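**Student:** What follows is input35.txt, made up of compact mmCIF, C-alpha atoms:
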```
# COMPACT_ATOMS: atom_id res chain seq x y z
CA MET A 935 43.84 -5.82 23.01
CA THR A 936 47.01 -4.71 24.79
CA ALA A 937 47.31 -4.22 28.55
CA PRO A 938 48.55 -0.88 29.86
CA VAL A 939 52.18 -0.81 30.91
CA ILE A 940 53.10 0.27 34.43
CA THR A 941 55.79 2.91 34.55
CA SER A 942 55.41 4.49 37.98
CA SER A 943 57.09 1.65 39.88
CA GLU A 944 59.82 0.81 37.38
CA PRO A 945 62.97 0.02 39.42
CA ALA A 946 66.21 1.76 38.67
CA GLY A 947 69.25 -0.05 37.35
CA PRO A 948 69.93 -2.44 34.51
CA LEU A 949 68.07 -5.67 33.94
CA PRO A 950 70.05 -8.60 35.40
CA ARG A 951 71.59 -10.82 32.79
CA LEU A 952 69.94 -14.22 32.83
CA GLU A 953 72.11 -17.20 32.05
CA GLU A 954 71.24 -19.08 28.87
CA PRO A 955 69.94 -22.52 29.86
CA ARG A 956 71.87 -25.38 28.34
CA GLY A 957 69.92 -27.84 26.21
CA GLY A 958 70.15 -31.57 26.28
CA ARG A 959 68.38 -34.53 27.76
CA GLY A 960 66.98 -34.54 31.25
CA SER A 961 66.72 -31.59 33.58
CA LEU A 962 68.41 -28.27 33.01
CA PRO A 963 70.73 -26.88 35.68
CA HIS A 964 68.92 -24.62 38.11
CA ASP A 965 69.07 -20.99 37.01
CA PRO A 966 68.74 -18.66 40.05
CA THR A 967 68.62 -15.54 37.89
CA PHE A 968 64.86 -15.92 37.32
CA ALA A 969 64.46 -15.57 41.08
CA GLU A 970 66.73 -12.52 41.00
CA PHE A 971 64.67 -10.98 38.21
CA ALA A 972 61.48 -11.53 40.18
CA ARG A 973 63.03 -9.95 43.28
CA THR A 974 64.37 -6.87 41.48
CA HIS A 975 61.65 -6.28 38.86
CA VAL A 976 58.40 -8.16 39.48
CA ALA A 977 58.18 -7.47 43.23
CA PRO A 978 58.78 -3.68 43.00
CA ARG A 979 56.03 -3.41 40.39
CA ALA A 980 53.51 -5.65 42.13
CA ASP A 981 51.72 -2.97 44.18
CA GLY A 982 51.33 -0.70 41.16
CA ALA A 983 49.92 -3.53 39.08
CA TYR A 984 47.56 -4.51 41.89
CA ARG A 985 46.22 -0.97 42.29
CA ALA A 986 45.77 -0.63 38.52
CA GLU A 987 44.33 -4.18 38.31
CA ILE A 988 46.42 -5.05 35.26
CA LEU A 989 48.93 -7.65 34.17
CA ASP A 990 52.52 -6.44 34.43
CA ARG A 991 53.28 -6.76 30.71
CA LEU A 992 56.75 -5.23 31.02
CA SER A 993 57.94 -7.97 33.38
CA TRP A 994 56.09 -10.53 31.26
CA GLN A 995 57.94 -9.47 28.11
CA ARG A 996 61.32 -9.35 29.81
CA LEU A 997 60.88 -12.84 31.19
CA ALA A 998 60.08 -14.03 27.68
CA ASP A 999 63.08 -12.15 26.27
CA HIS A 1000 65.32 -14.02 28.68
CA GLY A 1001 64.05 -17.44 27.78
CA LEU A 1002 61.43 -18.41 30.36
CA TRP A 1003 59.09 -19.93 27.78
CA ARG A 1004 61.87 -21.79 26.00
CA VAL A 1005 62.44 -23.91 29.11
CA GLY A 1006 60.94 -27.37 28.62
CA VAL A 1007 60.39 -26.86 24.89
CA PRO A 1008 62.52 -29.23 22.75
CA GLU A 1009 65.44 -27.70 20.91
CA HIS A 1010 64.10 -28.68 17.50
CA LEU A 1011 61.08 -26.46 18.22
CA GLY A 1012 63.25 -23.51 19.21
CA GLY A 1013 63.36 -24.25 22.91
CA ALA A 1014 66.11 -24.82 25.44
CA GLY A 1015 65.31 -28.48 26.13
CA GLY A 1016 64.92 -29.91 29.60
CA THR A 1017 61.64 -31.10 31.09
CA TRP A 1018 58.37 -29.54 32.15
CA ARG A 1019 59.54 -29.77 35.73
CA ASP A 1020 62.33 -27.34 34.78
CA LEU A 1021 59.74 -24.82 33.62
CA ALA A 1022 57.66 -25.44 36.75
CA GLU A 1023 60.67 -24.77 38.98
CA ARG A 1024 61.40 -21.47 37.18
CA ILE A 1025 57.81 -20.36 37.71
CA ALA A 1026 58.11 -21.36 41.37
CA ASP A 1027 61.23 -19.16 41.62
CA ILE A 1028 59.17 -16.23 40.35
CA ALA A 1029 56.41 -17.01 42.84
CA ARG A 1030 58.92 -17.19 45.68
CA GLU A 1031 60.54 -13.82 44.99
CA GLY A 1032 58.00 -11.84 42.97
CA ASP A 1033 55.42 -11.11 45.69
CA ASP A 1034 52.63 -11.15 43.09
CA LEU A 1035 50.47 -14.25 43.15
CA GLY A 1036 48.13 -12.98 40.45
CA PHE A 1037 51.00 -12.45 38.01
CA VAL A 1038 52.17 -16.00 38.65
CA LEU A 1039 48.72 -17.45 38.04
CA SER A 1040 48.74 -15.74 34.64
CA LEU A 1041 52.10 -17.41 34.05
CA ILE A 1042 50.54 -20.77 34.92
CA ALA A 1043 47.76 -20.28 32.38
CA HIS A 1044 50.33 -19.47 29.70
CA ALA A 1045 52.61 -22.35 30.68
CA GLY A 1046 49.77 -24.82 30.24
CA LEU A 1047 49.17 -23.59 26.70
CA VAL A 1048 52.86 -23.78 25.79
CA ARG A 1049 53.05 -27.37 26.99
CA ALA A 1050 49.79 -28.23 25.21
CA LEU A 1051 51.15 -27.04 21.87
CA VAL A 1052 54.38 -28.99 22.31
CA GLU A 1053 52.77 -32.22 23.46
CA HIS A 1054 49.64 -32.26 21.30
CA GLY A 1055 50.21 -29.76 18.50
CA GLY A 1056 50.98 -30.29 14.84
CA GLU A 1057 53.00 -28.33 12.32
CA TYR A 1058 50.56 -25.38 12.34
CA HIS A 1059 50.85 -24.97 16.11
CA HIS A 1060 54.62 -25.49 16.19
CA ARG A 1061 55.44 -23.11 13.35
CA THR A 1062 52.70 -20.48 13.60
CA VAL A 1063 51.69 -20.24 17.25
CA LEU A 1064 54.41 -21.59 19.55
CA PRO A 1065 57.16 -19.15 18.48
CA SER A 1066 55.00 -16.14 19.34
CA LEU A 1067 54.13 -17.56 22.77
CA MET A 1068 57.82 -18.08 23.52
CA LYS A 1069 58.58 -14.50 22.45
CA GLY A 1070 56.09 -12.74 24.72
CA ALA A 1071 52.57 -13.13 23.32
CA VAL A 1072 50.07 -13.98 26.07
CA GLY A 1073 48.16 -17.25 26.02
CA ALA A 1074 44.90 -18.41 27.60
CA THR A 1075 42.89 -21.61 27.85
CA ALA A 1076 39.16 -20.94 27.52
CA LEU A 1077 36.96 -23.75 28.83
CA THR A 1078 34.13 -22.41 30.99
CA GLU A 1079 30.84 -20.89 29.83
CA PRO A 1080 28.12 -18.95 31.71
CA HIS A 1081 25.54 -21.77 31.68
CA GLY A 1082 27.79 -24.74 32.41
CA GLY A 1083 30.56 -23.41 34.62
CA SER A 1084 33.24 -26.01 35.15
CA ASP A 1085 31.19 -28.77 33.48
CA VAL A 1086 33.09 -28.46 30.23
CA ALA A 1087 31.17 -31.28 28.57
CA ARG A 1088 28.17 -28.91 28.42
CA THR A 1089 29.95 -26.44 26.18
CA ARG A 1090 27.78 -24.72 23.55
CA THR A 1091 30.63 -23.23 21.56
CA THR A 1092 30.18 -24.74 18.12
CA ALA A 1093 32.46 -25.26 15.12
CA VAL A 1094 31.24 -25.72 11.55
CA ARG A 1095 33.40 -27.07 8.74
CA THR A 1096 34.15 -24.82 5.78
CA PRO A 1097 36.19 -25.39 2.61
CA GLU A 1098 39.08 -23.52 4.28
CA GLY A 1099 38.77 -25.10 7.73
CA TRP A 1100 36.27 -24.05 10.41
CA THR A 1101 34.15 -21.26 11.78
CA LEU A 1102 33.75 -21.04 15.56
CA THR A 1103 30.89 -19.40 17.47
CA GLY A 1104 30.31 -19.21 21.20
CA LEU A 1105 30.96 -17.47 24.50
CA LYS A 1106 33.62 -18.28 27.09
CA ASP A 1107 33.46 -16.72 30.54
CA HIS A 1108 35.76 -16.21 33.56
CA ILE A 1109 38.89 -16.92 31.49
CA THR A 1110 42.31 -16.14 32.99
CA ASN A 1111 44.26 -13.73 30.74
CA ALA A 1112 41.29 -13.27 28.37
CA PRO A 1113 41.31 -9.44 28.39
CA VAL A 1114 44.99 -9.33 27.36
CA ALA A 1115 45.63 -12.66 25.61
CA ASP A 1116 46.84 -12.95 22.02
CA ARG A 1117 46.12 -16.65 21.53
CA ALA A 1118 43.64 -18.94 23.24
CA LEU A 1119 42.86 -22.62 23.30
CA ILE A 1120 39.08 -22.79 22.94
CA LEU A 1121 36.96 -25.79 23.92
CA GLY A 1122 34.10 -26.34 21.48
CA ARG A 1123 32.14 -29.04 19.77
CA VAL A 1124 31.61 -30.25 16.21
CA PRO A 1125 27.97 -31.47 16.08
CA GLU A 1126 28.46 -33.35 12.80
CA LEU A 1127 30.72 -35.80 14.65
CA GLY A 1128 27.85 -37.13 16.76
CA ARG A 1129 28.04 -37.87 20.50
CA ARG A 1130 31.83 -37.70 20.67
CA ASP A 1131 32.28 -34.18 19.35
CA ILE A 1132 34.29 -32.17 21.94
CA THR A 1133 37.22 -30.54 20.14
CA LEU A 1134 39.99 -28.07 20.99
CA PHE A 1135 40.75 -25.11 18.71
CA LEU A 1136 43.67 -22.67 18.74
CA VAL A 1137 42.35 -19.15 18.05
CA ASN A 1138 44.15 -15.90 17.27
CA LEU A 1139 42.23 -13.46 19.47
CA HIS A 1140 42.99 -10.58 17.11
CA SER A 1141 40.92 -12.25 14.39
CA PRO A 1142 37.70 -10.80 12.97
CA GLY A 1143 34.72 -12.02 14.94
CA VAL A 1144 36.53 -12.10 18.31
CA ARG A 1145 35.48 -9.69 21.03
CA ARG A 1146 36.82 -9.58 24.57
CA GLY A 1147 34.76 -8.49 27.55
CA PRO A 1148 36.18 -6.08 30.14
CA ALA A 1149 38.36 -7.40 32.93
CA GLU A 1150 36.27 -8.61 35.85
CA GLU A 1151 36.49 -6.72 39.14
CA LEU A 1152 37.91 -9.50 41.30
CA PHE A 1153 38.11 -9.77 45.08
CA GLY A 1154 41.72 -10.91 44.76
CA LEU A 1155 44.26 -11.93 42.10
CA ARG A 1156 43.81 -8.48 40.57
CA THR A 1157 47.03 -8.66 38.57
CA SER A 1158 45.68 -11.64 36.62
CA PRO A 1159 43.09 -10.15 34.23
CA THR A 1160 40.05 -12.39 33.83
CA GLY A 1161 37.08 -12.01 31.53
CA ALA A 1162 34.96 -13.24 28.65
CA ILE A 1163 35.72 -14.15 25.04
CA HIS A 1164 32.94 -13.74 22.47
CA LEU A 1165 33.31 -15.64 19.20
CA GLU A 1166 31.09 -14.93 16.19
CA GLU A 1167 31.81 -17.12 13.16
CA VAL A 1168 35.56 -16.82 13.65
CA ALA A 1169 37.34 -18.33 10.64
CA LEU A 1170 40.04 -20.88 11.47
CA PRO A 1171 42.37 -22.95 9.28
CA GLU A 1172 42.06 -26.71 9.24
CA GLY A 1173 45.20 -27.05 11.33
CA ALA A 1174 43.80 -25.00 14.19
CA VAL A 1175 42.41 -28.16 15.83
CA LEU A 1176 44.65 -29.32 18.67
CA GLY A 1177 44.77 -33.09 18.69
CA ALA A 1178 42.05 -34.76 16.66
CA PRO A 1179 38.44 -33.62 16.17
CA GLY A 1180 36.26 -35.28 18.78
CA GLU A 1181 39.21 -36.09 21.05
CA GLY A 1182 39.11 -32.81 22.95
CA LEU A 1183 38.26 -34.12 26.41
CA ARG A 1184 41.02 -36.72 26.40
CA THR A 1185 43.57 -34.11 25.35
CA LEU A 1186 42.18 -31.57 27.79
CA TYR A 1187 42.64 -33.80 30.84
CA ASP A 1188 46.37 -33.94 30.18
CA ILE A 1189 46.60 -30.19 29.56
CA ILE A 1190 44.83 -29.07 32.71
CA SER A 1191 46.71 -31.57 34.87
CA PHE A 1192 49.94 -29.60 34.41
CA ASP A 1193 48.17 -26.38 35.46
CA ARG A 1194 46.80 -28.08 38.57
CA ALA A 1195 50.21 -29.34 39.68
CA LEU A 1196 51.69 -25.88 39.12
CA TYR A 1197 49.17 -24.40 41.57
CA GLY A 1198 50.52 -26.66 44.30
CA LEU A 1199 54.15 -25.86 43.51
CA VAL A 1200 53.47 -22.12 43.37
CA ALA A 1201 51.55 -22.17 46.67
CA ALA A 1202 54.53 -23.76 48.41
CA ALA A 1203 57.03 -21.35 46.86
CA PHE A 1204 54.92 -18.26 47.59
CA LEU A 1205 54.58 -19.20 51.26
CA GLU A 1206 58.31 -19.71 51.91
CA PRO A 1207 59.28 -16.01 52.23
CA GLN A 1208 56.03 -15.25 54.05
CA LEU A 1209 56.94 -17.85 56.66
CA ASP A 1210 60.44 -16.38 57.05
CA LYS A 1211 58.98 -12.91 57.61
CA VAL A 1212 56.43 -14.01 60.17
CA ILE A 1213 59.04 -15.99 62.14
CA THR A 1214 61.10 -12.79 62.37
CA PHE A 1215 57.98 -10.95 63.54
CA THR A 1216 57.19 -13.51 66.24
CA ARG A 1217 60.76 -13.29 67.56
CA ARG A 1218 60.46 -9.53 67.98
CA ARG A 1219 56.85 -9.18 69.04
CA GLU A 1220 56.36 -9.58 72.79
CA ALA A 1221 53.32 -10.45 74.87
CA PHE A 1222 53.27 -10.93 78.62
CA GLY A 1223 57.00 -10.22 78.77
CA THR A 1224 58.20 -12.82 76.26
CA PRO A 1225 58.45 -13.10 72.47
CA ILE A 1226 55.22 -14.55 71.14
CA LEU A 1227 57.28 -17.24 69.41
CA GLU A 1228 57.55 -18.94 72.79
CA HIS A 1229 53.79 -19.52 72.98
CA GLN A 1230 52.55 -22.91 71.83
CA TYR A 1231 49.62 -21.59 69.80
CA VAL A 1232 52.06 -19.45 67.80
CA GLN A 1233 54.37 -22.40 67.29
CA GLY A 1234 51.40 -24.46 66.12
CA ARG A 1235 50.43 -21.94 63.46
CA LEU A 1236 54.02 -21.60 62.26
CA THR A 1237 54.47 -25.34 61.95
CA ASP A 1238 51.14 -25.63 60.14
CA ILE A 1239 52.45 -23.25 57.47
CA ARG A 1240 55.67 -25.25 57.15
CA ILE A 1241 53.73 -28.49 56.81
CA THR A 1242 51.59 -26.92 54.07
CA ILE A 1243 54.74 -25.92 52.18
CA GLU A 1244 56.25 -29.39 52.39
CA VAL A 1245 53.06 -31.26 51.48
CA ALA A 1246 52.11 -28.91 48.63
CA ARG A 1247 55.55 -29.08 47.10
CA ALA A 1248 55.85 -32.86 47.43
CA THR A 1249 52.45 -33.54 45.88
CA ALA A 1250 53.09 -31.04 43.06
CA VAL A 1251 56.45 -32.53 42.17
CA ALA A 1252 54.91 -36.02 42.24
CA GLY A 1253 52.19 -34.87 39.86
CA ILE A 1254 54.59 -33.20 37.42
CA GLU A 1255 56.93 -36.18 37.42
CA ALA A 1256 53.97 -38.48 36.76
CA LEU A 1257 52.98 -36.35 33.77
CA VAL A 1258 56.51 -36.38 32.37
CA ALA A 1259 56.66 -40.15 32.81
CA GLY A 1260 53.22 -40.79 31.28
CA ASP A 1261 51.97 -42.36 34.51
CA PRO A 1262 48.24 -43.23 34.31
CA GLN A 1263 47.86 -41.85 37.84
CA ALA A 1264 49.14 -38.41 36.78
CA SER A 1265 45.71 -36.73 36.63
CA LEU A 1266 44.85 -37.90 40.15
CA ARG A 1267 48.17 -36.73 41.57
CA CYS A 1268 47.90 -33.33 39.90
CA SER A 1269 44.41 -32.82 41.35
CA VAL A 1270 45.76 -33.75 44.79
CA ALA A 1271 48.46 -31.10 44.31
CA LYS A 1272 45.93 -28.42 43.34
CA LEU A 1273 43.60 -29.26 46.22
CA THR A 1274 46.39 -29.49 48.79
CA GLY A 1275 48.10 -26.33 47.58
CA SER A 1276 45.05 -24.08 47.29
CA GLU A 1277 43.37 -25.17 50.52
CA GLY A 1278 46.68 -25.06 52.37
CA LEU A 1279 47.40 -21.59 51.02
CA VAL A 1280 44.09 -20.28 52.34
CA GLU A 1281 44.71 -21.74 55.79
CA ALA A 1282 48.28 -20.41 55.82
CA ALA A 1283 47.11 -16.94 54.79
CA GLN A 1284 44.66 -16.89 57.68
CA ASN A 1285 47.41 -18.01 60.06
CA LEU A 1286 49.66 -15.19 58.84
CA MET A 1287 46.87 -12.72 59.58
CA ARG A 1288 46.20 -14.15 63.05
CA LEU A 1289 49.87 -14.18 64.00
CA HIS A 1290 50.07 -10.45 63.32
CA GLY A 1291 47.07 -9.71 65.52
CA HIS A 1292 45.29 -6.42 64.79
CA MET A 1293 48.02 -5.42 62.33
CA GLY A 1294 47.17 -8.47 60.28
CA TYR A 1295 43.60 -7.25 59.88
CA GLU A 1296 44.59 -3.80 58.64
CA ARG A 1297 44.18 -3.49 54.90
CA GLY A 1298 47.58 -4.13 53.31
CA PRO A 1299 49.94 -6.94 52.28
CA LEU A 1300 48.50 -9.56 54.65
CA THR A 1301 44.86 -8.98 53.73
CA ARG A 1302 45.90 -9.04 50.08
CA ILE A 1303 47.46 -12.48 50.62
CA VAL A 1304 44.16 -13.71 52.08
CA GLN A 1305 42.21 -12.27 49.14
CA ASP A 1306 44.58 -13.81 46.60
CA ALA A 1307 44.66 -17.15 48.41
CA LEU A 1308 40.87 -17.40 48.33
CA GLY A 1309 41.03 -16.82 44.59
CA THR A 1310 43.14 -19.93 44.10
CA LEU A 1311 40.22 -22.03 45.35
CA ILE A 1312 38.36 -20.97 42.20
CA ALA A 1313 41.12 -20.43 39.65
CA GLY A 1314 42.29 -23.63 38.03
CA GLY A 1315 39.24 -25.55 39.18
CA THR A 1316 37.38 -25.63 42.48
CA THR A 1317 38.09 -27.99 45.36
CA GLU A 1318 34.89 -29.86 44.49
CA MET A 1319 36.14 -30.37 40.93
CA GLN A 1320 39.47 -31.75 42.17
CA ARG A 1321 37.69 -34.15 44.53
CA LYS A 1322 35.45 -35.31 41.70
CA ASN A 1323 38.45 -35.95 39.47
CA ILE A 1324 40.28 -37.78 42.26
CA LEU A 1325 37.24 -39.99 42.86
CA ASN A 1326 36.79 -40.69 39.15
CA GLN A 1327 40.44 -41.70 38.84
CA MET A 1328 40.17 -43.90 41.93
CA LEU A 1329 37.13 -45.71 40.56
CA ALA A 1330 38.69 -46.09 37.13
CA HIS A 1331 41.65 -47.92 38.65
CA HIS A 1332 39.65 -49.85 41.26
CA THR A 1333 39.96 -53.60 40.71
CA GLY A 1334 37.73 -54.87 43.52
```
Could you write out this file's structure as structure tokens?
**Tutor:**
Amino acid sequence: MTAPVITSSEPAGPLPRLEEPRGGRGSLPHDPTFAEFARTHVAPRADGAYRAEILDRLSWQRLADHGLWRVGVPEHLGGAGGTWRDLAERIADIAREGDDLGFVLSLIAHAGLVRALVEHGGEYHHRTVLPSLMKGAVGATALTEPHGGSDVARTRTTAVRTPEGWTLTGLKDHITNAPVADRALILGRVPELGRRDITLFLVNLHSPGVRRGPAEELFGLRTSPTGAIHLEEVALPEGAVLGAPGEGLRTLYDIISFDRALYGLVAAAFLEPQLDKVITFTRRREAFGTPILEHQYVQGRLTDIRITIEVARATAVAGIEALVAGDPQASLRCSVAKLTGSEGLVEAAQNLMRLHGHMGYERGPLTRIVQDALGTLIAGGTTEMQRKNILNQMLAHHTG
């Protein structure tokens, strides 16, 4: 299933030339042209995509064409090298300048799948799936189901061995990118393995037996299509398993940790230009004969937003660096980043609305920020889920 392409808000002028990242060990040099692309192409198309409630596939494809998904992927797999923090920083650049939080959350879902294939995939994933995801195909990670919600261990999606590999049957619900995705990582189980049977499968969503539900009508994040994936005896090759059969949960914890840290980094980046704009507003807006910036309650709300930016970014970077280093505390730190970023984004969005007074309550850009911010509390795992993971990690490392 292919998403419609927006044409009404296509900006004039040529596409900016993005510098080719240089490969090698360690971090890549910062490439500001992804931010420029977001400013000149993603942002002008954001309102049209939001009204149409679709993913901006034109911007998606152009970002892929200019190497976004090669960042962090080793050169021997066709990538540009560098680290996963390099990719995270590029996505943050797009969040900072693109003015489309939903689009960026779809990028996060795809980024998690790209990293999963690199870190945990075998030859099938590296040769058959990864190249298409780097070239513009859309990826998704499908974990949740209608009856179990975020409790992924209760999955009913079931795989059965065949002479050629597997058949997979089940239903996934509320999946980011599902209505438009080409490939998806599906959480299922293999009952013949016994109690330890949770397994991850890579599925081509254009295969016979796959049916996508319509995009959900969301309160916010409307440029990030979300929906269901129905699987009815979908045939998969033996190599479609990511990791080892029965090891799905262990692999999954690493995969979703990167997504969680990205939420924190994106929240910080998205808020930076919003803070600049509201400071300008408070300098110009007067009440009782003085700019409202001079009032302490205004200063308090402004500094709260800045503190959110600093804390969200610091915790996100700490989580990503822990993942890159293989730190056993990485999962905890990434959950802290997701919780801090999403909750801070909601509070900051409300502060932006309050600082604009009645204008902030009029339906428009500020109310859209509030709607999108509330969506981040659900997307990528709820606050309750992050607290549960943090507690589990604390207890696992408790020595008293």
**Student:** Can you tell me how far atom CA of A:Ala1029 sits from atom CA of A:Leu1308, in Å to one decimal?
**Tutor:**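 Here the two named atoms are 16.5 Å from each other.
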**Student:** Taking a cut-off of 12 Å and counting only C-alpha atoms, can you build a table that, for each residue of stretch 1276-1334 of chain A near stretch 1065-1080 of chain A, reports the nearest atom pair and how far apart they are in Å (one decimal), sorted by chain then residue number, as a tab-separated table?
**Tutor:**
```
residue	atom	partner	partner_atom	distance
A:Ala1313	CA	A:Thr1078	CA	11.3
A:Gly1314	CA	A:Thr1075	CA	10.4
A:Gly1315	CA	A:Thr1078	CA	10.2
```
**Student:** Using atom CA of A:Arg1004 and atom CA of A:Leu1183 as the two end points, give the distance in Å to one decimal.
**Tutor:**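 About the pair atom CA of A:Arg1004 and atom CA of A:Leu1183: they are 26.6 Å apart.
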**Student:** Hey, which of A:Gly1180, A:Gly1046, A:Gly1173, A:Pro1125 ends up closest to A:Thr1110? Count all atoms listed in the file.
**Tutor:**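 The answer is A:Gly1046, which sits nearest to A:Thr1110.
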**Student:** Counting all atoms listed in the file, find the residues whose atoms lie at most 12 Å from (63.3, -14.8, 52.5) (file coordinates) and write them out as JSON, numbers by chain.
**Tutor:** {"A": [969, 973, 1027, 1030, 1031, 1032, 1033, 1203, 1204, 1205, 1206, 1207, 1208, 1209, 1210, 1211, 1212, 1213, 1214]}
**Student:** Could you name the residues that touch A:His1140 at 10 Å or less, counting all atoms listed in the file, but leaving out those on the same chain fewer than 6 positions away, as a PDB file with C-alpha atoms, in the frame of the given file?
**Tutor:**
```
ATOM      1  CA  MET A 935      43.840  -5.820  23.010  1.00  0.00           C
ATOM      2  CA  ALA A1115      45.630 -12.660  25.610  1.00  0.00           C
ATOM      3  CA  ASP A1116      46.840 -12.950  22.020  1.00  0.00           C
ATOM      4  CA  ARG A1117      46.120 -16.650  21.530  1.00  0.00           C
ATOM      5  CA  ARG A1146      36.820  -9.580  24.570  1.00  0.00           C
TER       6      ARG A1146
END
```
**Student:** Have a look at atom CA of A:Gln1230 and atom CA of A:Glu1277 and let me know their distance in Å, one decimal.
**Tutor:**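 Distance between the two atoms: 23.3 Å.
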**Student:** Go through A:Leu989, A:Leu1064, A:Leu1279, A:Ala972 and flag the residue nearest A:Ile1243, using all atoms listed in the file for the distances.
**Tutor:**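 Nearest candidate to A:Ile1243 out of A:Leu989, A:Leu1064, A:Leu1279, A:Ala972: A:Leu1279.
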**Student:** Write out as a list in words which residues come within 10 Å of A:Pro1299 when counting all atoms listed in the file, dropping same-chain ones fewer than 5 positions away.
**Tutor:** Asp981, Asp1033, Met1287, Gly1294, Val1304 and Gln1305 of chain A
**Student:** Taking all atoms listed in the file into account, name the residue in A:Asp1131, A:Glu1318, A:Glu1023, A:Glu1167 that is nearest to A:Ala1195.
**Tutor:**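 Of A:Asp1131, A:Glu1318, A:Glu1023, A:Glu1167, the one nearest A:Ala1195, counting all atoms listed in the file, is A:Glu1023.
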**Student:** Put the listed atoms of stretch 1109-1126 of chain A in a box along x, y and z with 6 Å added on every side and give me the centre and edge lengths in Å to one decimal, as lines of an AutoDock Vina configuration file.
**Tutor:**
```
center_x = 37.4
center_y = -21.3
center_z = 22.9
size_x = 30.9
size_y = 36.0
size_z = 32.2
```
**Student:** Of the candidates A:Arg991, A:Ala1162, A:Ile1303, A:Arg1019, which one gets nearest to A:Ala1259 if we count all atoms listed in the file?
**Tutor:** A:Arg1019
**Student:** Near A:Trp1003, counting all atoms listed in the file, which residues have an atom at most 10 Å away, once you skip same-chain residues fewer than 2 positions from it, shown as a list in words?
**Tutor:**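 My reading of the contact set: Leu997, Ala998, Asp999, His1000, Gly1001, Val1005, Gly1006, Val1007, Gly1013, Ala1014, Leu1021, Arg1024, Leu1041, His1044, Ala1045, Val1048, Arg1049, Leu1064, Pro1065, Leu1067, Met1068, Lys1069 and Gly1070 of chain A.
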**Student:** Taking all atoms listed in the file into account, name the residue in A:Ser1158, A:Thr1316, A:Thr1301, A:Thr1062 that is nearest to A:Val1270.
**Tutor:**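 Smallest separation from A:Val1270 among the options: A:Thr1316.
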**Student:** Let me make sure I understand: among A:Leu1047, A:Ala1202, A:Val1251, A:Leu1286, which one has the smallest atom-to-atom distance to A:Val1232 if we use only C-alpha atoms?
**Tutor:** A:Leu1286
**Student:** Just want the 8 Å neighbourhood of stretch 1246-1250 of chain A, counted on all atoms listed in the file, with same-chain residues fewer than 4 positions away dropped. Output as a compact mmCIF listing (two decimals) with C-alpha atoms, in the frame of the given file.
**Tutor:**
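Wrote it out as selection04.txt, contents follow:
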```txt
# COMPACT_ATOMS: atom_id res chain seq x y z
CA ALA A 1195 50.21 -29.34 39.68
CA LEU A 1196 51.69 -25.88 39.12
CA TYR A 1197 49.17 -24.40 41.57
CA GLY A 1198 50.52 -26.66 44.30
CA LEU A 1199 54.15 -25.86 43.51
CA ALA A 1201 51.55 -22.17 46.67
CA ALA A 1202 54.53 -23.76 48.41
CA ALA A 1203 57.03 -21.35 46.86
CA THR A 1242 51.59 -26.92 54.07
CA ILE A 1254 54.59 -33.20 37.42
CA ARG A 1267 48.17 -36.73 41.57
CA CYS A 1268 47.90 -33.33 39.90
CA VAL A 1270 45.76 -33.75 44.79
CA ALA A 1271 48.46 -31.10 44.31
CA LYS A 1272 45.93 -28.42 43.34
CA THR A 1274 46.39 -29.49 48.79
CA GLY A 1275 48.10 -26.33 47.58
CA GLY A 1278 46.68 -25.06 52.37
```
**Student:** Using all atoms listed in the file, give me every residue within 12 Å of (34.4, -29.1, 30.9) in file coordinates, as a tab-separated table (two decimals) with C-alpha atoms, in the frame of the given file.
**Tutor:**
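Resulting contents of out-v1.tsv:
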```
chain	number	residue	atom	x	y	z
A	1075	THR	CA	42.89	-21.61	27.85
A	1076	ALA	CA	39.16	-20.94	27.52
A	1077	LEU	CA	36.96	-23.75	28.83
A	1078	THR	CA	34.13	-22.41	30.99
A	1079	GLU	CA	30.84	-20.89	29.83
A	1080	PRO	CA	28.12	-18.95	31.71
A	1081	HIS	CA	25.54	-21.77	31.68
A	1082	GLY	CA	27.79	-24.74	32.41
A	1083	GLY	CA	30.56	-23.41	34.62
A	1084	SER	CA	33.24	-26.01	35.15
A	1085	ASP	CA	31.19	-28.77	33.48
A	1086	VAL	CA	33.09	-28.46	30.23
A	1087	ALA	CA	31.17	-31.28	28.57
A	1088	ARG	CA	28.17	-28.91	28.42
A	1089	THR	CA	29.95	-26.44	26.18
A	1090	ARG	CA	27.78	-24.72	23.55
A	1091	THR	CA	30.63	-23.23	21.56
A	1106	LYS	CA	33.62	-18.28	27.09
A	1120	ILE	CA	39.08	-22.79	22.94
A	1121	LEU	CA	36.96	-25.79	23.92
A	1122	GLY	CA	34.10	-26.34	21.48
A	1123	ARG	CA	32.14	-29.04	19.77
A	1132	ILE	CA	34.29	-32.17	21.94
A	1133	THR	CA	37.22	-30.54	20.14
A	1134	LEU	CA	39.99	-28.07	20.99
A	1182	GLY	CA	39.11	-32.81	22.95
A	1183	LEU	CA	38.26	-34.12	26.41
A	1184	ARG	CA	41.02	-36.72	26.40
A	1185	THR	CA	43.57	-34.11	25.35
A	1186	LEU	CA	42.18	-31.57	27.79
A	1187	TYR	CA	42.64	-33.80	30.84
A	1190	ILE	CA	44.83	-29.07	32.71
A	1314	GLY	CA	42.29	-23.63	38.03
A	1315	GLY	CA	39.24	-25.55	39.18
A	1319	MET	CA	36.14	-30.37	40.93
A	1323	ASN	CA	38.45	-35.95	39.47
```
